[in-house]
Structures are given as C-alpha cells and as structure tokens.
Protein chains: 2
Amino acid sequence: MISNKARYAFRALLAIAATPEGEAVTSAEIARRYNIPHKFLEQILLDLRKAGILDSKRGKSGGYVMLRPSDTVSFGEVLRIFEGPLAPLPCLSRQAYRRCEDCVSEAQCEIRREFGRAYDASRAVLDTRTIGDALSDTPYNAPWHREDRRAS
Amino acid sequence: MISNKARYAFRALLAIAATPEGEAVTSAEIARRYNIPHKFLEQILLDLRKAGILDSKRGKSGGYVMLRPSDTVSFGEVLRIFEGPLAPLPCLSRQAYRRCEDCVSEAQCEIRREFGRAYDASRAVLDTRTIGDALSDTPYNAPWHREDRRAS
DNA sequence: CTATTCCCTATTAGTCCGATAGGCTTAAAG
DNA sequence: CTTTAAGCCTATCGGACTAATAGGGAATAG
C-alpha cells in the first residue's frame, strides 16, 4: 500500500494539471474537493514545489500551477519523492543500493532474480505513464502489445 | 522495500525446498548459513508452519520440511503472509477492499487505473512464480513472450 | 491595509519493524 | 530414564515512520 501522503499528492497533481493553462488552484480548493486535511496537503504541495514539479504564487488569488508539463511527470517520479526507493530489495535499487546481509551470492540469489522481474514489470508502468497520460487516458501500451519501433 | 521478515522467510523456504526429500533442516542451521538472528527466524518459521506451508518435527534431529510441494507455493502467497495485502491502493485489494476517502468516483479514478496496471504487472510475476520455479531456474515466461495455449 | 494564500517548523499519538528474551514442550540418543 | 537438541509460545522494547494537528510568519492582490 502506498501512503496517504503519496495518494494525496497524485490527487492534487491531477487536479492542478487538469486546470486550464495559467489558472492557479489553491490548496484549500483541492482539500475541499477531495476531503484531504488542509494543513497536511499544504506540506505535500510544498514538497512537490521543492521537487521542481509545481510552481506557486502567494497572496490573494495565489495558488499552484504545473512547473513542468504534466506529460513529463511520471508516476514513478512522484512516488519516489514520498516513498523513497521503489525497489523491493535494497540490492535492486540503483539510487540506494545496499547489499543484503543475508545474501551469500548476489549473482545467484533466487530472491533477487524473481523480485527483479516483478520490479521490472512494475516499473514498466510506473516510470512510463505520466500524469498527462492519465488525464487524457492515453491508452496504455503494455509491453506485450507494444510495437517496438526502436530498431527501424 | 519488503520487510526483513519476508526476505528471511524466502531465504528459509528456498533452503528447505532445496534439501533432499525427507531430510529436515533446523532453524539454527539456516540462521547460521544466512546470518539471520536465530530467535527471529524461529518466529518466521512458525508463521510458515501455521500457514500450512511447512511441517516441523520437534526434539533431537528435528527440523523443518515442506508440507506442500515447493512448486505450489508462489512468491505472492508468502509475501501476503508477512506483508498483508500487496495492492498499492485499498480500493484495488480483493481480500481487503476499502474505499479511498479522497476518491470522488472510483470508476473514473485515474490513480486507481494507473496503479491497477502496475499491480497487474507485478502480480503477473509474483502470483505465477513459485519457490520451485526459482530453484530450478525455470525460465520466466513473461506475458509478452508467452504463447497462450488456453484457446486451442 | 487587510484579507487571502502560501511557507515553515514543531509536536504528537499511534502503529509497525526488527529484534531480544525467557522459558516450556517434545523427542531422539545414550 | 536422563540428557540434550530441537521446536513452540508469549512478552517486551527501542526506534522509525505515518498521518496528522498546530501555530504562526511572509508575500501579495485588491
């Protein structure tokens, strides 16, 4: 299960990305629409701003807007901001690699192999799909349906 | 990241499943081989026994053996014993469904849709691959390579 | 100048993780 | 029948994290 914090972040991002260009959304408005504790949401939006995803305007008629285009912000990126590394094992994380103390041989570790597969599959979605995709409901091209055009 | 507890459980299961039929493995032996705190491991093996996956023999020359064949025990099943529901959102769990309080319309929820895809992809590995597969290194048939023989 | 909105930090209750501890029960070996 | 090696069971505990709550400070439009 992902944390409430991360889920609220997605809720807010989708709302902000869905509003017309140039128009700002306030934290209070988002909190009201989705029943999110207001002060809690403020912290979350602050994190998203510090991560360079949102921009904010203070004072009356202030609020939040996207800093980067919504189709450059993947679900994986946002998730990592609030949950840390997504890898199921420390030895599978690139950004936070650690050896497992109970591992005899990483190269032959069955646990690593199987969870590596699960992680790859999960990442194929999370690191590919963006907030923009989700909003426009761009059909998801699962790898097992995807025509791979890299080669030609 | 999965918990140490779950990782130790896999380590133990793989060790037990890999020993010749009829031969029991002691918790002390496993703890020594993999640097796992012994008393902690005991609790884990107890959980696996209560879940009907392992059988145990007490007293001198006792130990643990598989109760069910190792190729009927999936990674997903074991994971659920120690981590609870694997679904990334409460509204995606069949065994522990809960509505998200910040959700306006579940049917149109973009978060649910995208995480549903990630969950499906992950489950395609975790609920398919078994301890037995992992030991024999049965090649993983990713869905995007798999020949589907259901229809004919 | 005032209302509105974002910005920042501290605190807190509760839960979970990762062990550690201590003793009880069972059973094979001598 | 005693010893010894195993599993069985419950309690406890420090530390980290989650999900808020709280209280104000700073900027800015009108």
# chains A, B, ... in the order shown; residues from 1 in each chain; ligands from 1
>>> residues_around(residues="DA29 in chain D", least_positions_apart="5", cutoff="8 Å", atoms="only C-alpha atoms (C1' of nucleotides)", output="NGL selection string")
:A and (59-61)
>>> residues_around(residues="Leu54 in chain A", least_positions_apart="5", cutoff="12 Å", atoms="only C-alpha atoms (C1' of nucleotides)", output="PyMOL selection string")
chain A and resi 9+12-14+16-17+24-25+44-49+63-70+73+78
>>> closest_atom_pairs(of="chain C", to="chain A", cutoff="9 Å", atoms="only C-alpha atoms (C1' of nucleotides)", output="CSV")
residue,atom,partner,partner_atom,distance
C:DA3,C1',A:Lys60,CA,7.7
C:DT4,C1',A:Lys60,CA,4.5
C:DT5,C1',A:Gly59,CA,4.5
C:DC6,C1',A:Arg58,CA,4.9
C:DC7,C1',A:Leu46,CA,8.0
>>> write_last_selection(atoms="N, CA and C atoms (P, O5', C5', C4', C3', O3' and C1' of nucleotides)", output="PDB file, in the first residue's frame")
ATOM      1  P    DA C   3      -9.685  42.058   7.275  1.00  0.00           P
ATOM      2  O5'  DA C   3     -10.186  40.925   6.270  1.00  0.00           O
ATOM      3  C5'  DA C   3     -10.600  41.307   4.960  1.00  0.00           C
ATOM      4  C4'  DA C   3      -9.951  40.407   3.919  1.00  0.00           C
ATOM      5  C3'  DA C   3      -9.970  38.916   4.275  1.00  0.00           C
ATOM      6  O3'  DA C   3     -10.491  38.233   3.157  1.00  0.00           O
ATOM      7  C1'  DA C   3      -7.776  39.578   3.651  1.00  0.00           C
ATOM      8  P    DT C   4     -10.870  36.701   3.259  1.00  0.00           P
ATOM      9  O5'  DT C   4      -9.717  36.039   2.392  1.00  0.00           O
ATOM     10  C5'  DT C   4      -9.464  36.539   1.073  1.00  0.00           C
ATOM     11  C4'  DT C   4      -8.123  36.015   0.600  1.00  0.00           C
ATOM     12  C3'  DT C   4      -7.934  34.505   0.768  1.00  0.00           C
ATOM     13  O3'  DT C   4      -7.647  33.985  -0.510  1.00  0.00           O
ATOM     14  C1'  DT C   4      -6.020  35.689   1.475  1.00  0.00           C
ATOM     15  P    DT C   5      -8.002  32.491  -0.897  1.00  0.00           P
ATOM     16  O5'  DT C   5      -6.600  31.777  -0.918  1.00  0.00           O
ATOM     17  C5'  DT C   5      -5.637  32.180  -1.898  1.00  0.00           C
ATOM     18  C4'  DT C   5      -4.236  32.060  -1.346  1.00  0.00           C
ATOM     19  C3'  DT C   5      -3.844  30.677  -0.825  1.00  0.00           C
ATOM     20  O3'  DT C   5      -3.221  29.931  -1.849  1.00  0.00           O
ATOM     21  C1'  DT C   5      -2.833  32.488   0.369  1.00  0.00           C
ATOM     22  P    DC C   6      -2.651  28.432  -1.532  1.00  0.00           P
ATOM     23  O5'  DC C   6      -1.086  28.669  -1.344  1.00  0.00           O
ATOM     24  C5'  DC C   6      -0.344  29.396  -2.304  1.00  0.00           C
ATOM     25  C4'  DC C   6       0.957  29.884  -1.671  1.00  0.00           C
ATOM     26  C3'  DC C   6       1.937  28.776  -1.294  1.00  0.00           C
ATOM     27  O3'  DC C   6       3.252  29.211  -1.619  1.00  0.00           O
ATOM     28  C1'  DC C   6       1.479  30.095   0.582  1.00  0.00           C
ATOM     29  P    DC C   7       4.508  28.219  -1.389  1.00  0.00           P
ATOM     30  O5'  DC C   7       4.974  28.626   0.087  1.00  0.00           O
ATOM     31  C5'  DC C   7       5.831  29.766   0.252  1.00  0.00           C
ATOM     32  C4'  DC C   7       6.425  29.759   1.647  1.00  0.00           C
ATOM     33  C3'  DC C   7       7.249  28.525   1.994  1.00  0.00           C
ATOM     34  O3'  DC C   7       8.524  28.977   2.453  1.00  0.00           O
ATOM     35  C1'  DC C   7       5.664  28.962   3.702  1.00  0.00           C
TER      36       DC C   7
END
>>> interface_residues(of="chain B", to="chain A", cutoff="7 Å", atoms="only C-alpha atoms", output="MDAnalysis selection string")
chainID B and resid 1:2 34:36 86:89 102:104 110 117:119 121:122 125:126 134:135 143:144
>>> write_last_selection(atoms="C-alpha atoms", output="short mmCIF file (atom, residue, chain, number, x, y, z; two decimals), in the first residue's frame")
data_model
loop_
_atom_site.label_atom_id
_atom_site.label_comp_id
_atom_site.auth_asym_id
_atom_site.auth_seq_id
_atom_site.Cartn_x
_atom_site.Cartn_y
_atom_site.Cartn_z
CA MET B 1 11.00 -2.45 0.08
CA ILE B 2 9.81 -5.73 1.50
CA TYR B 34 22.46 -16.80 6.12
CA ASN B 35 23.36 -14.67 9.13
CA ILE B 36 19.78 -14.40 10.30
CA LEU B 86 0.01 -6.42 -1.86
CA ALA B 87 -2.34 -4.00 -3.59
CA PRO B 88 -0.94 -0.47 -3.83
CA LEU B 89 -4.36 1.02 -3.05
CA ASP B 102 -10.44 11.09 -1.02
CA CYS B 103 -11.98 9.42 -4.04
CA VAL B 104 -14.87 11.06 -5.86
CA GLU B 110 -7.02 7.92 -12.74
CA ARG B 117 -1.93 -1.59 -14.29
CA ALA B 118 1.20 -1.59 -12.19
CA TYR B 119 -0.35 -4.04 -9.76
CA ALA B 121 2.03 -6.38 -13.99
CA SER B 122 3.60 -7.12 -10.65
CA VAL B 125 5.16 -12.32 -11.75
CA LEU B 126 4.57 -12.75 -8.04
CA ALA B 134 13.03 -20.18 -8.61
CA LEU B 135 15.14 -23.14 -7.50
CA PRO B 143 3.41 -12.38 -20.67
CA TRP B 144 4.86 -10.51 -23.64
#
>>> select_by_dssp(residues="range 28-98 of chain B", states="helix (DSSP H, G or I)", output="PyMOL selection string")
chain B and resi 28-34+38-50+70-72+75-83+90-92
>>> atom_distance(atom1="CA of Lys50 in chain A", atom2="C1' of DC8 in chain C")
12.6 Å
>>> interface_residues(of="chain D", to="chain B", cutoff="12 Å", atoms="only C-alpha atoms (C1' of nucleotides)", output="MDAnalysis selection string")
chainID D and resid 3:10
>>> select_by_dssp(residues="range 23-74 of chain A", states="strand (DSSP E)", output="PyMOL selection string")
chain A and resi 54-57+63-66
>>> residues_around(residues="range 13-24 of chain D", least_positions_apart="4", cutoff="9 Å", atoms="only C-alpha atoms (C1' of nucleotides)", output="PyMOL selection string")
(chain A and resi 3-5+37+39-40) or (chain C and resi 10-12+14-17+20)
